[in-house]
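Enquirer: My questions will all concern the structure given below.
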Amino acid sequence: MLSTTKSINLNGTSSVEVNGVKTPVVYFNAQIKGDGTYNVNYSVQNDELYKANKDAVKADRDEFEALVEQMTE
């Protein structure tokens with residue numbers, strides 16, 4: 001018997017400009033399941049830039065999580 005589930009994956013990147021180059025600091029990932037539940041994960045790619053830009057990364061994370069929540073409404 002076949003069982004299926006539907007989910008949506010959402011990805012985002014928090015970046016900062018370093019010497020004129022857009023540099024990824026944190027990657028965000030969310031899996032939104034068909035029943036409206038979701039998981040959000042993030043991965044720090046550059047610890048030095050993360051520590052130096054925590055406020056900007058937090059703002060990006062908040063924006064990402066708000067988008068995920070909108071998608072579950």
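All residue names refer to the structure tokens as shown: chains lettered A, B, ... in order, residues numbered from 1 in each chain, ligands numbered from 1 in order.
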Excluding region 13-18 of chain A and residues on its chain fewer than 5 positions from it, collect all residues at most 6 Å away from it, counting only C-alpha atoms, and give them as a PDB file with N, CA, C and O atoms, in the first residue's frame.

Expert:
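The file below, around22.pdb, is the result:
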ATOM      1  N   THR A  23      29.484  37.310   1.006  1.00  0.00           N
ATOM      2  CA  THR A  23      30.023  36.106   1.628  1.00  0.00           C
ATOM      3  C   THR A  23      28.975  35.460   2.528  1.00  0.00           C
ATOM      4  O   THR A  23      28.465  36.104   3.448  1.00  0.00           O
ATOM      5  N   PRO A  24      28.638  34.180   2.296  1.00  0.00           N
ATOM      6  CA  PRO A  24      27.662  33.495   3.150  1.00  0.00           C
ATOM      7  C   PRO A  24      28.188  33.347   4.578  1.00  0.00           C
ATOM      8  O   PRO A  24      29.351  33.008   4.781  1.00  0.00           O
ATOM      9  N   VAL A  25      27.306  33.627   5.535  1.00  0.00           N
ATOM     10  CA  VAL A  25      27.648  33.474   6.946  1.00  0.00           C
ATOM     11  C   VAL A  25      26.869  32.307   7.544  1.00  0.00           C
ATOM     12  O   VAL A  25      27.427  31.457   8.225  1.00  0.00           O
ATOM     13  N   VAL A  26      25.556  32.274   7.275  1.00  0.00           N
ATOM     14  CA  VAL A  26      24.683  31.234   7.824  1.00  0.00           C
ATOM     15  C   VAL A  26      23.720  30.778   6.741  1.00  0.00           C
ATOM     16  O   VAL A  26      23.169  31.600   5.998  1.00  0.00           O
ATOM     17  N   TYR A  27      23.524  29.473   6.648  1.00  0.00           N
ATOM     18  CA  TYR A  27      22.503  28.897   5.769  1.00  0.00           C
ATOM     19  C   TYR A  27      21.316  28.482   6.627  1.00  0.00           C
ATOM     20  O   TYR A  27      21.491  27.896   7.698  1.00  0.00           O
ATOM     21  N   PHE A  28      20.110  28.784   6.144  1.00  0.00           N
ATOM     22  CA  PHE A  28      18.873  28.399   6.821  1.00  0.00           C
ATOM     23  C   PHE A  28      18.149  27.364   5.971  1.00  0.00           C
ATOM     24  O   PHE A  28      18.184  27.422   4.744  1.00  0.00           O
TER      25      PHE A  28
END

Enquirer: Assign secondary structure with DSSP using the backbone only, and return the residues of chain A in helix (DSSP H, G or I) as a PyMOL selection string.

Expert: chain A and resi 47-52+54-71

Enquirer: What residues in chain A get the DSSP label strand (DSSP E or B)? Please answer as a PyMOL selection string.

Expert: chain A and resi 7-18+21-33+38-44

Enquirer: Can you write out the residues you just picked, keeping N, CA, C and O atoms, as a short mmCIF file (atom, residue, chain, number, x, y, z; two decimals), in the first residue's frame?

Expert:
data_model
loop_
_atom_site.label_atom_id
_atom_site.label_comp_id
_atom_site.auth_asym_id
_atom_site.auth_seq_id
_atom_site.Cartn_x
_atom_site.Cartn_y
_atom_site.Cartn_z
N SER A 7 5.59 17.85 1.41
CA SER A 7 6.35 18.82 2.20
C SER A 7 6.95 19.87 1.27
O SER A 7 7.10 19.64 0.06
N ILE A 8 7.28 20.99 1.85
CA ILE A 8 7.91 22.09 1.12
C ILE A 8 9.24 22.37 1.81
O ILE A 8 9.29 22.46 3.04
N ASN A 9 10.30 22.51 1.05
CA ASN A 9 11.59 22.89 1.60
C ASN A 9 11.85 24.34 1.24
O ASN A 9 11.64 24.76 0.11
N LEU A 10 12.31 25.10 2.23
CA LEU A 10 12.65 26.49 2.03
C LEU A 10 14.08 26.70 2.50
O LEU A 10 14.45 26.23 3.57
N ASN A 11 14.89 27.36 1.68
CA ASN A 11 16.29 27.60 2.00
C ASN A 11 16.58 29.09 1.95
O ASN A 11 16.00 29.81 1.15
N GLY A 12 17.49 29.53 2.79
CA GLY A 12 17.89 30.92 2.80
C GLY A 12 19.36 31.05 3.19
O GLY A 12 19.94 30.13 3.76
N THR A 13 19.94 32.18 2.89
CA THR A 13 21.34 32.45 3.21
C THR A 13 21.46 33.85 3.79
O THR A 13 20.95 34.80 3.22
N SER A 14 22.14 33.95 4.93
CA SER A 14 22.48 35.24 5.50
C SER A 14 23.92 35.54 5.09
O SER A 14 24.83 34.77 5.40
N SER A 15 24.10 36.64 4.36
CA SER A 15 25.42 36.99 3.82
C SER A 15 25.81 38.39 4.25
O SER A 15 24.96 39.22 4.56
N VAL A 16 27.11 38.64 4.25
CA VAL A 16 27.64 39.98 4.48
C VAL A 16 28.65 40.28 3.38
O VAL A 16 29.18 39.36 2.75
N GLU A 17 28.90 41.55 3.16
CA GLU A 17 29.87 41.93 2.15
C GLU A 17 31.25 42.04 2.78
O GLU A 17 31.44 42.72 3.79
N VAL A 18 32.21 41.32 2.21
CA VAL A 18 33.59 41.34 2.67
C VAL A 18 34.47 41.72 1.49
O VAL A 18 34.51 40.98 0.49
N VAL A 21 32.74 41.50 -1.75
CA VAL A 21 32.24 40.18 -2.16
C VAL A 21 31.17 39.73 -1.17
O VAL A 21 31.40 39.73 0.05
N LYS A 22 30.02 39.33 -1.69
CA LYS A 22 28.94 38.79 -0.86
C LYS A 22 29.37 37.42 -0.33
O LYS A 22 29.62 36.50 -1.11
N THR A 23 29.48 37.31 1.01
CA THR A 23 30.02 36.11 1.63
C THR A 23 28.98 35.46 2.53
O THR A 23 28.46 36.10 3.45
N PRO A 24 28.64 34.18 2.30
CA PRO A 24 27.66 33.50 3.15
C PRO A 24 28.19 33.35 4.58
O PRO A 24 29.35 33.01 4.78
N VAL A 25 27.31 33.63 5.53
CA VAL A 25 27.65 33.47 6.95
C VAL A 25 26.87 32.31 7.54
O VAL A 25 27.43 31.46 8.22
N VAL A 26 25.56 32.27 7.28
CA VAL A 26 24.68 31.23 7.82
C VAL A 26 23.72 30.78 6.74
O VAL A 26 23.17 31.60 6.00
N TYR A 27 23.52 29.47 6.65
CA TYR A 27 22.50 28.90 5.77
C TYR A 27 21.32 28.48 6.63
O TYR A 27 21.49 27.90 7.70
N PHE A 28 20.11 28.78 6.14
CA PHE A 28 18.87 28.40 6.82
C PHE A 28 18.15 27.36 5.97
O PHE A 28 18.18 27.42 4.74
N ASN A 29 17.46 26.44 6.63
CA ASN A 29 16.67 25.43 5.94
C ASN A 29 15.43 25.15 6.76
O ASN A 29 15.50 25.06 7.99
N ALA A 30 14.30 25.04 6.09
CA ALA A 30 13.05 24.66 6.76
C ALA A 30 12.35 23.62 5.93
O ALA A 30 12.34 23.68 4.70
N GLN A 31 11.77 22.65 6.61
CA GLN A 31 10.91 21.67 5.97
C GLN A 31 9.52 21.86 6.56
O GLN A 31 9.33 21.76 7.77
N ILE A 32 8.57 22.19 5.68
CA ILE A 32 7.19 22.41 6.09
C ILE A 32 6.38 21.22 5.63
O ILE A 32 6.31 20.92 4.44
N LYS A 33 5.80 20.53 6.58
CA LYS A 33 5.03 19.31 6.27
C LYS A 33 3.60 19.67 5.91
O LYS A 33 3.11 20.75 6.22
N TYR A 38 6.53 22.13 11.12
CA TYR A 38 7.76 22.45 10.40
C TYR A 38 8.98 22.33 11.30
O TYR A 38 8.87 22.36 12.52
N ASN A 39 10.12 22.19 10.64
CA ASN A 39 11.43 22.17 11.30
C ASN A 39 12.28 23.25 10.66
O ASN A 39 12.31 23.37 9.44
N VAL A 40 12.98 24.03 11.49
CA VAL A 40 13.89 25.05 10.99
C VAL A 40 15.28 24.74 11.52
O VAL A 40 15.45 24.48 12.71
N ASN A 41 16.26 24.75 10.63
CA ASN A 41 17.64 24.51 11.01
C ASN A 41 18.51 25.60 10.41
O ASN A 41 18.17 26.19 9.39
N TYR A 42 19.65 25.84 11.05
CA TYR A 42 20.61 26.74 10.45
C TYR A 42 22.01 26.23 10.70
O TYR A 42 22.27 25.51 11.66
N SER A 43 22.91 26.61 9.80
CA SER A 43 24.29 26.14 9.84
C SER A 43 25.23 27.34 9.66
O SER A 43 25.17 28.02 8.63
N VAL A 44 26.07 27.58 10.65
CA VAL A 44 27.04 28.67 10.58
C VAL A 44 28.20 28.24 9.68
O VAL A 44 28.82 27.21 9.93
#

Enquirer: Kindly give the distance, in Å, that separates CA of Asp35 (chain A) and CA of Phe64 (chain A), rounded to a single decimal.

Expert: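 Answer for the CA of Asp35 (chain A) to CA of Phe64 (chain A) separation: 19.7 Å.
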
Enquirer: What's the separation between CA of Gln70 (chain A) and CA of Asn53 (chain A), in Å to one decimal place?

Expert: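 These two atoms are separated by 25.9 Å.
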